[in-house]
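Q: Supplied in structure tokens, the structure appears directly below.
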Amino acid sequence: MKKSISTVFAIATLSMSSSVSAAAWCQGYIDQILTYDSGQVGIYSTWRSGWTTICNVKTEWKGIPPEICFVWFSTASSSITENKQVIVYYRTIDQADCATISAGLAAPAPGYVRLIK
């Protein structure tokens, strides 16, 4: 009986630790936005001080459809014109990685782009 309780406890502990995943909420200002002829949309943000791809307005990119990309482009543009901060959520990086997100097409896909006061 003790052995089976220990086994169940061990399995439960492993299950809990494997369900913990990376996540980051990168917050700051977007200073610039650009769209390449390929449709790729990049932002230059204060949390990274460099260009980061967020989506593509022509084709689906890393699971992000063009329709969502147009909304994110609009949100990023509003951030610039209204001088408001954004939060870009990433499921696949740690919070500390906001400053070093990969550039170009190697960047992870965001989960959302949120405009804040």
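In the structure tokens, each chain is lettered A, B, ... as it comes, each chain's residues begin at 1, and ligands are numbered from 1 in order of appearance.
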Please identify all polymer residues within 10 Å of A:Leu105, counting only C-alpha atoms, omitting same-chain residues fewer than 5 positions from it, and present them as a VMD selection string.

A: chain A and resid 40 to 42 52 to 56 61 to 62

Q: Do a neighbour search on A:Gln95 at 12 Å with only C-alpha atoms, toss out local chain neighbours closer than 6 positions, and write the hits as a PyMOL selection string.

A: chain A and resi 21-27+47-48+87-89+101

Q: Pick from A:Ser79, A:Ile68, A:Gly50, A:Tyr29: nearest to A:Ser102, with only C-alpha atoms counted?

A: A:Gly50

Q: Counting only C-alpha atoms, which residue out of A:Ile93, A:Gly63, A:Ser77, A:Ala106 sits closest to A:Tyr44?

A: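 Closest residue, counting only C-alpha atoms: A:Ser77.
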
Q: Any chance you could list, as a PyMOL selection string, the residues in stretch 42-78 of chain A that come up alpha helix (DSSP H) when DSSP is run on the backbone?

A: chain A and resi 66-78

Q: Could you write those residues out with C-alpha atoms, as an mmCIF file, in the first residue's frame?

A:
```
data_model
loop_
_atom_site.group_PDB
_atom_site.id
_atom_site.type_symbol
_atom_site.label_atom_id
_atom_site.label_comp_id
_atom_site.auth_asym_id
_atom_site.auth_seq_id
_atom_site.Cartn_x
_atom_site.Cartn_y
_atom_site.Cartn_z
ATOM 1 C CA PRO A 66 -3.759 37.220 -41.927
ATOM 2 C CA GLU A 67 -7.074 38.464 -40.481
ATOM 3 C CA ILE A 68 -5.568 38.516 -36.975
ATOM 4 C CA CYS A 69 -2.390 40.087 -38.351
ATOM 5 C CA PHE A 70 -4.356 43.043 -39.738
ATOM 6 C CA VAL A 71 -5.855 43.627 -36.289
ATOM 7 C CA TRP A 72 -2.417 43.414 -34.650
ATOM 8 C CA PHE A 73 -1.016 45.832 -37.244
ATOM 9 C CA SER A 74 -3.832 48.233 -36.362
ATOM 10 C CA THR A 75 -3.162 47.806 -32.629
ATOM 11 C CA ALA A 76 0.567 48.446 -33.124
ATOM 12 C CA SER A 77 -0.187 51.517 -35.253
ATOM 13 C CA SER A 78 -2.547 52.845 -32.578
#
```

Q: Give the strand (DSSP E) residues of stretch 10-106 of chain A, as assigned by DSSP on the backbone, as a list in words.

A: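 After running DSSP on the backbone, stretch 10-106 of chain A has strand (DSSP E) at Ala24, Trp25, Cys26, Gln27, Gly28, Ile30, Asp31, Gln32, Ile33, Leu34, Thr35, Gln40, Val41, Gly42, Ile43, Tyr44, Ser45, Gly50, Trp51, Thr52, Thr53, Ile54, Cys55, Asn56, Val86, Ile87, Val88, Tyr89 and Tyr90 of chain A.
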
Q: Produce a file of the selected residues containing N, CA and C atoms, as a PDB file, in the first residue's frame.

A:
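Produced file out-v2.pdb, reproduced below:
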```pdb
ATOM      1  N   ALA A  24       5.425  34.770 -21.396  1.00  0.00           N
ATOM      2  CA  ALA A  24       5.966  36.112 -21.207  1.00  0.00           C
ATOM      3  C   ALA A  24       4.955  37.148 -21.658  1.00  0.00           C
ATOM      4  N   TRP A  25       4.895  38.227 -20.918  1.00  0.00           N
ATOM      5  CA  TRP A  25       4.078  39.380 -21.250  1.00  0.00           C
ATOM      6  C   TRP A  25       5.048  40.535 -21.452  1.00  0.00           C
ATOM      7  N   CYS A  26       5.417  40.771 -22.699  1.00  0.00           N
ATOM      8  CA  CYS A  26       6.395  41.810 -23.015  1.00  0.00           C
ATOM      9  C   CYS A  26       5.654  43.138 -23.132  1.00  0.00           C
ATOM     10  N   GLN A  27       6.003  44.084 -22.268  1.00  0.00           N
ATOM     11  CA  GLN A  27       5.264  45.339 -22.185  1.00  0.00           C
ATOM     12  C   GLN A  27       6.165  46.531 -22.465  1.00  0.00           C
ATOM     13  N   GLY A  28       5.625  47.493 -23.194  1.00  0.00           N
ATOM     14  CA  GLY A  28       6.341  48.724 -23.483  1.00  0.00           C
ATOM     15  C   GLY A  28       5.702  49.442 -24.654  1.00  0.00           C
ATOM     16  N   ILE A  30       5.751  50.654 -28.754  1.00  0.00           N
ATOM     17  CA  ILE A  30       6.196  50.309 -30.094  1.00  0.00           C
ATOM     18  C   ILE A  30       6.626  51.625 -30.733  1.00  0.00           C
ATOM     19  N   ASP A  31       7.882  51.699 -31.095  1.00  0.00           N
ATOM     20  CA  ASP A  31       8.429  52.922 -31.681  1.00  0.00           C
ATOM     21  C   ASP A  31       8.268  52.963 -33.194  1.00  0.00           C
ATOM     22  N   GLN A  32       8.283  51.775 -33.824  1.00  0.00           N
ATOM     23  CA  GLN A  32       8.175  51.696 -35.283  1.00  0.00           C
ATOM     24  C   GLN A  32       7.446  50.410 -35.658  1.00  0.00           C
ATOM     25  N   ILE A  33       6.828  50.453 -36.830  1.00  0.00           N
ATOM     26  CA  ILE A  33       6.189  49.262 -37.387  1.00  0.00           C
ATOM     27  C   ILE A  33       6.467  49.268 -38.886  1.00  0.00           C
ATOM     28  N   LEU A  34       6.697  48.097 -39.445  1.00  0.00           N
ATOM     29  CA  LEU A  34       6.898  48.025 -40.882  1.00  0.00           C
ATOM     30  C   LEU A  34       6.265  46.762 -41.435  1.00  0.00           C
ATOM     31  N   THR A  35       5.918  46.832 -42.713  1.00  0.00           N
ATOM     32  CA  THR A  35       5.384  45.684 -43.426  1.00  0.00           C
ATOM     33  C   THR A  35       6.215  45.496 -44.683  1.00  0.00           C
ATOM     34  N   GLN A  40       5.236  40.248 -44.212  1.00  0.00           N
ATOM     35  CA  GLN A  40       5.755  40.136 -42.850  1.00  0.00           C
ATOM     36  C   GLN A  40       5.632  41.485 -42.132  1.00  0.00           C
ATOM     37  N   VAL A  41       5.095  41.457 -40.904  1.00  0.00           N
ATOM     38  CA  VAL A  41       4.940  42.665 -40.098  1.00  0.00           C
ATOM     39  C   VAL A  41       5.947  42.615 -38.958  1.00  0.00           C
ATOM     40  N   GLY A  42       6.724  43.683 -38.842  1.00  0.00           N
ATOM     41  CA  GLY A  42       7.713  43.768 -37.778  1.00  0.00           C
ATOM     42  C   GLY A  42       7.459  44.985 -36.906  1.00  0.00           C
ATOM     43  N   ILE A  43       7.783  44.850 -35.629  1.00  0.00           N
ATOM     44  CA  ILE A  43       7.687  45.979 -34.703  1.00  0.00           C
ATOM     45  C   ILE A  43       9.059  46.227 -34.079  1.00  0.00           C
ATOM     46  N   TYR A  44       9.326  47.491 -33.795  1.00  0.00           N
ATOM     47  CA  TYR A  44      10.525  47.891 -33.069  1.00  0.00           C
ATOM     48  C   TYR A  44      10.023  48.383 -31.722  1.00  0.00           C
ATOM     49  N   SER A  45      10.316  47.644 -30.674  1.00  0.00           N
ATOM     50  CA  SER A  45       9.718  47.907 -29.364  1.00  0.00           C
ATOM     51  C   SER A  45      10.753  48.326 -28.329  1.00  0.00           C
ATOM     52  N   GLY A  50      14.819  46.464 -30.823  1.00  0.00           N
ATOM     53  CA  GLY A  50      15.152  45.820 -32.085  1.00  0.00           C
ATOM     54  C   GLY A  50      13.888  45.358 -32.782  1.00  0.00           C
ATOM     55  N   TRP A  51      14.041  44.878 -34.003  1.00  0.00           N
ATOM     56  CA  TRP A  51      12.902  44.423 -34.799  1.00  0.00           C
ATOM     57  C   TRP A  51      12.492  43.005 -34.434  1.00  0.00           C
ATOM     58  N   THR A  52      11.186  42.812 -34.327  1.00  0.00           N
ATOM     59  CA  THR A  52      10.610  41.502 -34.035  1.00  0.00           C
ATOM     60  C   THR A  52       9.420  41.277 -34.963  1.00  0.00           C
ATOM     61  N   THR A  53       9.396  40.161 -35.645  1.00  0.00           N
ATOM     62  CA  THR A  53       8.246  39.810 -36.483  1.00  0.00           C
ATOM     63  C   THR A  53       7.100  39.372 -35.575  1.00  0.00           C
ATOM     64  N   ILE A  54       5.887  39.858 -35.889  1.00  0.00           N
ATOM     65  CA  ILE A  54       4.717  39.425 -35.104  1.00  0.00           C
ATOM     66  C   ILE A  54       3.707  38.644 -35.937  1.00  0.00           C
ATOM     67  N   CYS A  55       3.719  38.820 -37.279  1.00  0.00           N
ATOM     68  CA  CYS A  55       2.749  38.105 -38.109  1.00  0.00           C
ATOM     69  C   CYS A  55       2.990  38.422 -39.577  1.00  0.00           C
ATOM     70  N   ASN A  56       2.080  37.969 -40.434  1.00  0.00           N
ATOM     71  CA  ASN A  56       2.176  38.199 -41.866  1.00  0.00           C
ATOM     72  C   ASN A  56       0.774  38.489 -42.409  1.00  0.00           C
ATOM     73  N   VAL A  86       1.814  48.680 -25.178  1.00  0.00           N
ATOM     74  CA  VAL A  86       1.193  47.416 -25.548  1.00  0.00           C
ATOM     75  C   VAL A  86       1.778  46.316 -24.670  1.00  0.00           C
ATOM     76  N   ILE A  87       1.053  45.228 -24.615  1.00  0.00           N
ATOM     77  CA  ILE A  87       1.562  43.988 -24.039  1.00  0.00           C
ATOM     78  C   ILE A  87       1.453  42.944 -25.144  1.00  0.00           C
ATOM     79  N   VAL A  88       2.573  42.316 -25.460  1.00  0.00           N
ATOM     80  CA  VAL A  88       2.579  41.229 -26.427  1.00  0.00           C
ATOM     81  C   VAL A  88       2.842  39.951 -25.634  1.00  0.00           C
ATOM     82  N   TYR A  89       1.888  39.047 -25.690  1.00  0.00           N
ATOM     83  CA  TYR A  89       1.964  37.795 -24.927  1.00  0.00           C
ATOM     84  C   TYR A  89       2.558  36.693 -25.792  1.00  0.00           C
ATOM     85  N   TYR A  90       3.525  35.984 -25.218  1.00  0.00           N
ATOM     86  CA  TYR A  90       4.152  34.840 -25.873  1.00  0.00           C
ATOM     87  C   TYR A  90       4.002  33.610 -24.987  1.00  0.00           C
TER      88      TYR A  90
END
```

Q: Just to confirm, what's the straight-line distance from atom CA of A:Ile64 to atom CA of A:Ala99 in Å (one decimal)?

A: 22.2 Å

Q: Please indicate the distance in Å from atom CA of A:Ser49 to atom CA of A:Ala103, rounded to one decimal place.

A: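 According to the coordinates, atom CA of A:Ser49 and atom CA of A:Ala103 are separated by 11.0 Å.
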
Q: Compile the contact shell of A:Ser38 as a list of chain:residue names: residues with an atom at most 9 Å away, counting only C-alpha atoms, same-chain residues fewer than 6 positions apart removed.

A: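 Listed by chain and then number, they are A:Asn56, A:Val57, A:Lys58, A:Thr59.
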
Q: Write out as a PyMOL selection string the residues lying within 9 Å of A:Lys117, counting only C-alpha atoms and excluding same-chain residues fewer than 5 positions away.

A: chain A and resi 83-86

Q: Using only C-alpha atoms, find the one residue out of A:Gly39, A:Gly111, A:Asp97, A:Ile116 that sits nearest to A:Glu60.

A: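 Distance minimum relative to A:Glu60 lands on A:Gly39.
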
Q: How many Å separate atom CA of A:Arg91 from atom CA of A:Thr46?

A: 19.8 Å
